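Trainee: Sharing a structure below in structure tokens format, with a few things to ask.
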Number of protein chains: 2
Amino acid sequence: MAATPLRERTRHEIQHEAMVLFARKGYDATSLQDIANAVGCSKATVLYHFSGKPAVLAAVLEPSATALAALVSEAAQLSPAAAQLHAIKGFADLAVRGRGLISVLNDVMPTMGEMPEFDGLIAAGEQLTRLLAGSEDPLESGLAEFAINGLLGECRGSEQRTDDDLRELCVTAMRRLLSPPA
Amino acid sequence: MAATPLRERTRHEIQHEAMVLFARKGYDATSLQDIANAVGCSKATVLYHFSGKPAVLAAVLEPSATALAALVSEAAQLSPAAAQLHAIKGFADLAVRGRGLISVLNDVMPTMGEMPEFDGLIAAGEQLTRLLAGSEDPLESGLAEFAINGLLGECRGSEQRTDDDLRELCVTAMRRLLSPPA
DNA sequence: TTGAAAATTGGCCGCACGGTCAGCAAGGTG
DNA sequence: CACCTTGCTGACCGTGCGGCCAATTTTCAA
């Protein structure tokens, strides 16, 4: 092999170990030294490949952010009712698959507004809320936020549930919570 | 006046300012120096009145923990259906009234298991889940967890909603989510 | 008034963090 | 061979944290 340049190989290794650690302990509680130890390199090497700790986070979150953006972009081309259904299923699936990272979101949420790397993620989240609510009614919007929060919390908390069980639970809950659009 | 001993007066002042700061910035992001500045005393004074930062947190959380324990204790004497209703209304009210502190819970959640001061709070939370679920069915338990997570997240996030609106939203959401016990 | 107890404080400690930098080893290229 | 680029590292820096302590001020009852 060795088809992968050494450069990219190490970078991905750091990214992967950072993902595991962020998922297990959260963003704040994971130090650059922790990541370096997991990879088996020095802290300086981590900072050679990434401009700083937030850049590592951005790299870890990027696939999920892209997937979420794709999801809302797909749903935007459907009728309101179909869009809501697509959003429910797609978001539940996305959250369950990347469930370890959800505690990270929670850590970072308060300071996210000041990090421009995450503007896209925030915007996608707001659009998801609108798709789930199906209208501008404050009650429906509130229920949509409630659903998102419940789903994120549930994915964060339950480590022992299987992916399939968790996905089914989330879809059931969101179905109960959200009114079908007119 | 001066009926209050100086001792208790300062202690409560620290507790109050800590509550405000924890609510605004979270537990981790609030330093003992921040609290001291808000009170107008030195950091050493804070540590004279409390044995450490976790003790300040415990004092701040204590009223809510007591109220939650009282709530589940009341509900335990009711029929399953009435208990569920009581738990929904009481918990929504409790969460809305102390909503600022909910972000604190979130900060502390990962390390809560290691702090024995919060064993009672955790136990009360588990009993609340059981009351809301109304049965031992995994799906119902999951929905109850979902409801609690959604409620906590919603109270954390929406700063601009009025207390009454938020309470109504939470009750509506939990009603939709939870099946009435047989 | 006075002296013990309570309350408060500035200064210090050790620690862990994110981040910087000069330099080392390796490997391809003229 | 010399030379330069690439990947990497140990040592170091400044900062802010929680916590501790000796010394000082304040309180208040005898």
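Ligands are numbered from 1 in the order shown, chains are lettered A, B, ... in the order of the structure tokens, and residues start at 1 in each chain.
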Where does DSSP see alpha helix (DSSP H) in segment 23-126 of chain B, if you list the residues as JSON, numbers by chain?
Mentor: {"B": [23, 24, 25, 32, 33, 34, 35, 36, 37, 38, 39, 43, 44, 45, 46, 47, 48, 49, 53, 54, 55, 56, 57, 58, 59, 60, 61, 62, 63, 64, 65, 66, 67, 68, 69, 70, 71, 72, 73, 74, 75, 80, 81, 82, 83, 84, 85, 86, 87, 88, 89, 90, 91, 92, 93, 94, 95, 96, 97, 102, 103, 104, 105, 106, 107, 108, 109, 110, 111, 112, 119, 120, 121, 122, 123, 124, 125, 126]}
Trainee: Report, in Å to a single decimal, how far apart atom CA of Pro80 of chain A and atom CA of Gly134 of chain A are.
Mentor: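 One can read the atom CA of Gly134 of chain A to atom CA of Pro80 of chain A distance as 6.3 Å.
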Trainee: Enter the distance from atom CA of Glu62 of chain B to atom CA of His16 of chain B, in Å, rounded to one decimal.
Mentor: 12.3 Å
Trainee: Fewer than 5 positions away in the same chain doesn't count, so skip those; otherwise give me all residues within 8 Å of segment 8-23 of chain C, counting only C-alpha atoms (C1' of nucleotides), as an mmCIF file with N, CA and C atoms (P, O5', C5', C4', C3', O3' and C1' of nucleotides), in the first residue's frame.
Mentor:
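Written output follows (selection.cif):
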```cif
data_model
loop_
_atom_site.group_PDB
_atom_site.id
_atom_site.type_symbol
_atom_site.label_atom_id
_atom_site.label_comp_id
_atom_site.auth_asym_id
_atom_site.auth_seq_id
_atom_site.Cartn_x
_atom_site.Cartn_y
_atom_site.Cartn_z
ATOM 1 N N SER A 31 -7.775 16.792 26.785
ATOM 2 C CA SER A 31 -6.677 17.717 26.505
ATOM 3 C C SER A 31 -5.930 17.262 25.260
ATOM 4 N N LEU A 32 -5.182 18.177 24.686
ATOM 5 C CA LEU A 32 -4.343 17.822 23.541
ATOM 6 C C LEU A 32 -3.370 16.713 23.920
ATOM 7 N N GLY A 52 -5.042 24.327 16.084
ATOM 8 C CA GLY A 52 -5.374 24.495 17.500
ATOM 9 C C GLY A 52 -6.449 23.505 17.891
ATOM 10 N N LYS A 53 -6.820 23.517 19.141
ATOM 11 C CA LYS A 53 -7.818 22.557 19.612
ATOM 12 C C LYS A 53 -9.168 22.717 18.887
ATOM 13 N N SER B 42 -13.042 38.343 48.746
ATOM 14 C CA SER B 42 -11.892 37.657 48.167
ATOM 15 C C SER B 42 -12.216 36.176 47.970
ATOM 16 N N ALA B 44 -10.557 33.784 48.948
ATOM 17 C CA ALA B 44 -10.314 33.054 50.194
ATOM 18 C C ALA B 44 -11.547 33.043 51.090
ATOM 19 N N THR B 45 -12.325 34.106 51.017
ATOM 20 C CA THR B 45 -13.551 34.157 51.829
ATOM 21 C C THR B 45 -14.553 33.106 51.369
ATOM 22 P P DC D 13 11.192 29.288 30.050
ATOM 23 O "O5'" DC D 13 9.823 29.906 29.508
ATOM 24 C "C5'" DC D 13 9.703 30.340 28.150
ATOM 25 C "C4'" DC D 13 8.289 30.846 27.915
ATOM 26 C "C3'" DC D 13 7.699 31.536 29.139
ATOM 27 O "O3'" DC D 13 7.284 32.845 28.813
ATOM 28 C "C1'" DC D 13 6.213 29.855 28.296
ATOM 29 P P DT D 24 0.390 41.143 60.717
ATOM 30 O "O5'" DT D 24 -1.002 41.862 60.409
ATOM 31 C "C5'" DT D 24 -1.460 41.973 59.064
ATOM 32 C "C4'" DT D 24 -2.963 42.123 59.053
ATOM 33 C "C3'" DT D 24 -3.512 43.118 60.077
ATOM 34 O "O3'" DT D 24 -4.141 44.185 59.398
ATOM 35 C "C1'" DT D 24 -4.809 41.129 60.010
ATOM 36 P P DT D 25 -4.556 45.564 60.200
ATOM 37 O "O5'" DT D 25 -6.148 45.424 60.280
ATOM 38 C "C5'" DT D 25 -6.908 45.348 59.085
ATOM 39 C "C4'" DT D 25 -8.253 44.720 59.388
ATOM 40 C "C3'" DT D 25 -9.180 45.569 60.277
ATOM 41 O "O3'" DT D 25 -10.357 45.826 59.541
ATOM 42 C "C1'" DT D 25 -9.166 43.303 60.952
#
```
Trainee: Find, counting only C-alpha atoms (C1' of nucleotides), the residue in B:Arg99, B:His49, B:Arg24, B:Lys89 that gets nearest to DA7 of chain C.
Mentor: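 Smallest separation from DA7 of chain C among the options: B:His49.
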Trainee: With a cut-off of 12 Å and counting only C-alpha atoms (C1' of nucleotides), select all residues of chain B in contact with chain D and give the selection as a list of chain:residue names.
Mentor: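 Per the criterion, chain B yields B:Pro5, B:Leu6, B:Arg7, B:Asp28, B:Ala29, B:Thr30, B:Ser31, B:Leu32, B:Gln33, B:Asp34, B:Lys43, B:Ala44, B:Thr45, B:Val46, B:Leu47, B:Tyr48, B:Phe50, B:Ser51, B:Gly52, B:Lys53, B:Pro54.
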Trainee: Select all residues from chain A having any atom no more than 7 Å from an atom of chain B (counting only C-alpha atoms, ignoring ligands), output as a VMD selection string.
Mentor: chain A and resid 139 142 to 143 145 to 147 149 to 151 153 to 154 169 173 176 to 177
Trainee: Export C-alpha atoms of the chosen residues as a CSV table (one decimal), in the first residue's frame?
Mentor:
```csv
chain,number,residue,atom,x,y,z
A,139,LEU,CA,-46.0,26.0,19.9
A,142,GLY,CA,-41.3,24.7,20.6
A,143,LEU,CA,-42.3,21.1,20.2
A,145,GLU,CA,-37.0,22.1,19.7
A,146,PHE,CA,-38.3,19.8,22.4
A,147,ALA,CA,-38.0,16.9,20.1
A,149,ASN,CA,-33.4,18.2,22.6
A,150,GLY,CA,-35.0,15.0,23.7
A,151,LEU,CA,-33.4,13.1,20.9
A,153,GLY,CA,-30.3,13.8,25.3
A,154,GLU,CA,-31.5,10.3,24.7
A,169,LEU,CA,-37.5,4.9,20.1
A,173,ALA,CA,-41.1,9.9,20.2
A,176,ARG,CA,-45.9,11.5,18.9
A,177,LEU,CA,-44.6,15.0,19.5
```
Trainee: What does the structure give for the distance between atom CA of Ala182 of chain B and atom CA of Leu68 of chain B, in Å to one decimal?
Mentor: 24.8 Å
